[in-house]
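**Student:** My questions will all concern the structure given below.
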Amino acid sequence: MLINWFRFSSPVSFYPVAGSWSYAFGATAALLAGAGLVVALYIAPTDATQGDAYRIIFIHVPAAWMAMLIYLVMAGWSAFALGFNTRLSAMMAQALAPTGALMAAIALWTGAFWGRPTWGTYWAWDARMTSTLILLFLYLGVVALRAAIEDPRRADRACAVLALVGAVNVPIIYFSVQWWNTLHQGSSISLTGAPKMAMTMLAGILIMTAAAWCYTIAVVLARVQAIIVERERGAGWLESLIDLRAAR
Amino acid sequence: MSGSERSSAGIPLPGADASADGDSAGNARDSVFAAVGWALARDIRVALRSKGELGVQLLFYVIVVSLFPLATSPSREVLATIGPGVLWTAALLASLLSLSRLFASDFHDGTLEQIALSPRPLMALVSGKIAAHWLTAGLPVALMAPLLGVQYALDAPVLGTLMVSLVLGTPILSLLGAVGAALTLGARGGGSLLALLVLPLYAPVLIFGAGAVDAARAGVSAMPQLSLLGAGLLLALVAVPFAVTAALRIALD
């Protein structure tokens, strides 16, 4: 069966799809997070060296992965928005930015709480922490630029350029920070020497990561719907859709 | 000074004198270089007409650098330790401060729109403007830094590395900053928004620049850091003008 994907690049046809997918992914995320937390808190064994404090890894690692991934996805949608001049691509990029910032903030926050019992400090200028902090700044820059430009279409394209410039810079920032870190402090605080992970721990992390994916998709689709409503208010199709809902 | 004279600083707009129909490759190349040269000469002339502003920007660098000993300690060991970082961080801030000069005034008086309408390639004109920004903002800081480094108890070879690292690094700051300056044209909350957009992108330049000076201070070769700065400069020279041109077209839309 051939699906015409471009049909969904129009807000009119995407709006109802986004709504139903948002609910589906939201429910999946809740189920996966429930199962993942059971594995994480009851089934996974206590760590030999870190005790139960390590269990924050089940939130921390998925959030850190999502923070990096969402930036790339956002840059991808931005490239579509600039290349094809499709409104919906820019809306997707706009909807992804706050969730990416949230994931980066969660990764830093849980990292601080994990660092306190294991490293003895809330904050160390570890390479990954520092680059996640800079990633958070990049997200906030995109959100702030969006808020500062009045015309939404201009904001779309300005944010797209910024996201692409940032995406080129993210690997450079990552490697420069890593290089700086190895010059300044030894590998006293590193997880590479940690013992091999138990199978159930890995399973817990993977289930929680899948939950984070589904949560992100659900929230982003819901936010895209809100953006469509905000931008297309006054459009005939939207008013008739809302009238239809009200009549039901 | 009349309006038209001010907007082009007495130099006719590009394409006003020469015909723009470059059929052969040689003609096109000449017209690109002519456009870069025109923008460079024009922006330097405009900058030199307000020498006070240039002086104040350099003074900002001097003052920021002079504040750190007051906040920490006058001991030579402490100063030599923080010196490379302070001299580089202040260079970042000085570059940021002068970015508003790059496009904003031309944007507000309509010159930028005229420049974008000219038959010459916008990317070449933008490159000339960025080069002029570096010559009037980055280069003075790089030349001033060794003098301030003496205040931080840095030795002569270290001061040499400091200057070389700044000469290689400040053009990258001008280039990356130009993207931010172009994107924030016509946006609310100009200055602080520009800082939020640009400073995270400056992080690698800061790491390698201050790292080079630190390496020289520790007595090891600074070549790795300087090579990486040079590589970053080449990459930025090739890639950034595209982004700046796109951003300007969005702002002028």
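Residue names in the structure tokens use chain letters A, B, ... in the order shown, residue numbers from 1 in each chain, and ligand numbers from 1 in the order shown.
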Counting only C-alpha atoms, which residues of chain A come no farther than 8 Å from chain B, as a VMD selection string?

**Tutor:** chain A and resid 134 137 to 138 140 to 142 144 to 145 148 to 150 154 157 to 158 161 to 162 165 to 166 169 172 to 173 176 to 177 180

**Student:** Set the distance at 12 Å and use only C-alpha atoms: which residues neighbour B:Pro74 once local chain neighbours fewer than 6 positions away are removed? I'd like the list as number ranges by chain.

**Tutor:** B: 66-68, 80-83, 151-153

**Student:** Now that the selection is made, can you save its residues with C-alpha atoms as a PDB file, in the first residue's frame?

**Tutor:**
```
ATOM      1  CA  SER B  66      41.560  44.574  35.649  1.00  0.00           C
ATOM      2  CA  LEU B  67      38.614  43.673  37.885  1.00  0.00           C
ATOM      3  CA  PHE B  68      39.570  40.030  38.451  1.00  0.00           C
ATOM      4  CA  ALA B  80      49.175  33.406  36.703  1.00  0.00           C
ATOM      5  CA  THR B  81      46.726  30.518  37.208  1.00  0.00           C
ATOM      6  CA  ILE B  82      43.559  32.432  36.356  1.00  0.00           C
ATOM      7  CA  GLY B  83      45.224  34.806  33.858  1.00  0.00           C
ATOM      8  CA  GLN B 151      49.646  42.311  34.900  1.00  0.00           C
ATOM      9  CA  TYR B 152      48.933  38.623  35.377  1.00  0.00           C
ATOM     10  CA  ALA B 153      52.573  37.672  35.831  1.00  0.00           C
TER      11      ALA B 153
END
```

**Student:** Check the smallest atom-to-atom distance from each of A:Phe58, A:Tyr15, A:Tyr122, A:Trp21 to A:Ile228 using only C-alpha atoms, then report the winner.

**Tutor:**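 Closest candidate: A:Tyr15.
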
**Student:** Could you pull the residues within 6 Å of A:Met201, counting only C-alpha atoms, minus those fewer than 3 positions along the same chain, as a tab-separated table (two decimals) with C-alpha atoms, in the first residue's frame?

**Tutor:**
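So selection-v4.tsv came out as:
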```
chain	number	residue	atom	x	y	z
A	44	ALA	CA	16.96	-5.08	39.53
A	198	ALA	CA	23.37	-6.89	35.45
A	204	GLY	CA	15.20	-1.56	33.11
```

**Student:** If we count only C-alpha atoms, what is near B:Thr136 at a cut-off of 12 Å, once residues fewer than 6 positions away on the same chain are taken out, given as a ChimeraX atom specification?

**Tutor:** /B:40-41,43-51,53-55,57-58,94-95,98-99,101-102,129-130,142-143,170-171,174

**Student:** Quick one: write out the picked residues with C-alpha atoms as a compact mmCIF listing (two decimals), in the first residue's frame?

**Tutor:**
```
# COMPACT_ATOMS: atom_id res chain seq x y z
CA LEU B 40 35.42 45.79 4.12
CA ALA B 41 36.50 49.30 3.18
CA ASP B 43 32.66 49.19 7.31
CA ILE B 44 36.17 50.15 8.37
CA ARG B 45 35.53 53.71 7.23
CA VAL B 46 32.26 53.83 9.18
CA ALA B 47 33.99 52.39 12.26
CA LEU B 48 36.85 54.87 12.05
CA ARG B 49 34.40 57.75 11.92
CA SER B 50 33.40 56.92 15.48
CA LYS B 51 36.78 56.26 17.00
CA GLU B 53 33.17 53.88 20.23
CA LEU B 54 36.13 51.72 19.23
CA GLY B 55 38.13 53.12 22.14
CA GLN B 57 35.10 48.81 23.45
CA LEU B 58 38.82 48.29 23.95
CA ALA B 94 34.34 42.25 24.36
CA SER B 95 33.50 40.50 21.09
CA SER B 98 30.78 44.91 19.73
CA LEU B 99 28.49 42.55 17.78
CA ARG B 101 27.63 47.25 15.68
CA LEU B 102 27.89 44.60 12.97
CA LYS B 129 31.54 43.15 6.88
CA ILE B 130 32.61 40.33 9.21
CA ALA B 142 44.49 40.47 20.48
CA LEU B 143 47.14 43.19 20.27
CA THR B 170 38.86 36.12 17.63
CA PRO B 171 37.94 35.75 13.92
CA SER B 174 33.34 37.42 14.91
```

**Student:** One decimal, in Å: what's the spacing between atom CA of A:Ser89 and atom CA of A:Trp77?

**Tutor:** 5.2 Å

**Student:** When DSSP works through the backbone of this structure, what residues of stretch 77-196 of chain A end up as helix (DSSP H, G or I), shown as a PyMOL selection string?

**Tutor:** chain A and resi 77-84+87-119+127-148+152-184

**Student:** Looking at only C-alpha atoms, which of A:Ser10, A:Gln225, A:Thr118, A:Thr200 is the one that sits closest to A:Thr46?

**Tutor:**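 Comparing A:Ser10, A:Gln225, A:Thr118, A:Thr200 against A:Thr46, the winner is A:Thr200.
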
**Student:** What lies within 10 Å of B:Ser227 using only C-alpha atoms, ignoring chain neighbours under 5 positions off, as a list in words?

**Tutor:**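 Once the adjacent positions are removed, what remains is Ser165, Leu168, Phe208, Ala212, Ala222, Gly232 and Leu233 of chain B.
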
**Student:** For a quick check of understanding, using only C-alpha atoms, which of A:Ala27, A:Met92, A:Leu102, A:Met208 has the smallest distance to A:Arg55?

**Tutor:** A:Met208

**Student:** When distances are computed from only C-alpha atoms, which of B:Ala156, B:Ala216, B:Met144, B:Ile172 shows the smallest separation from B:Leu87?

**Tutor:** B:Met144
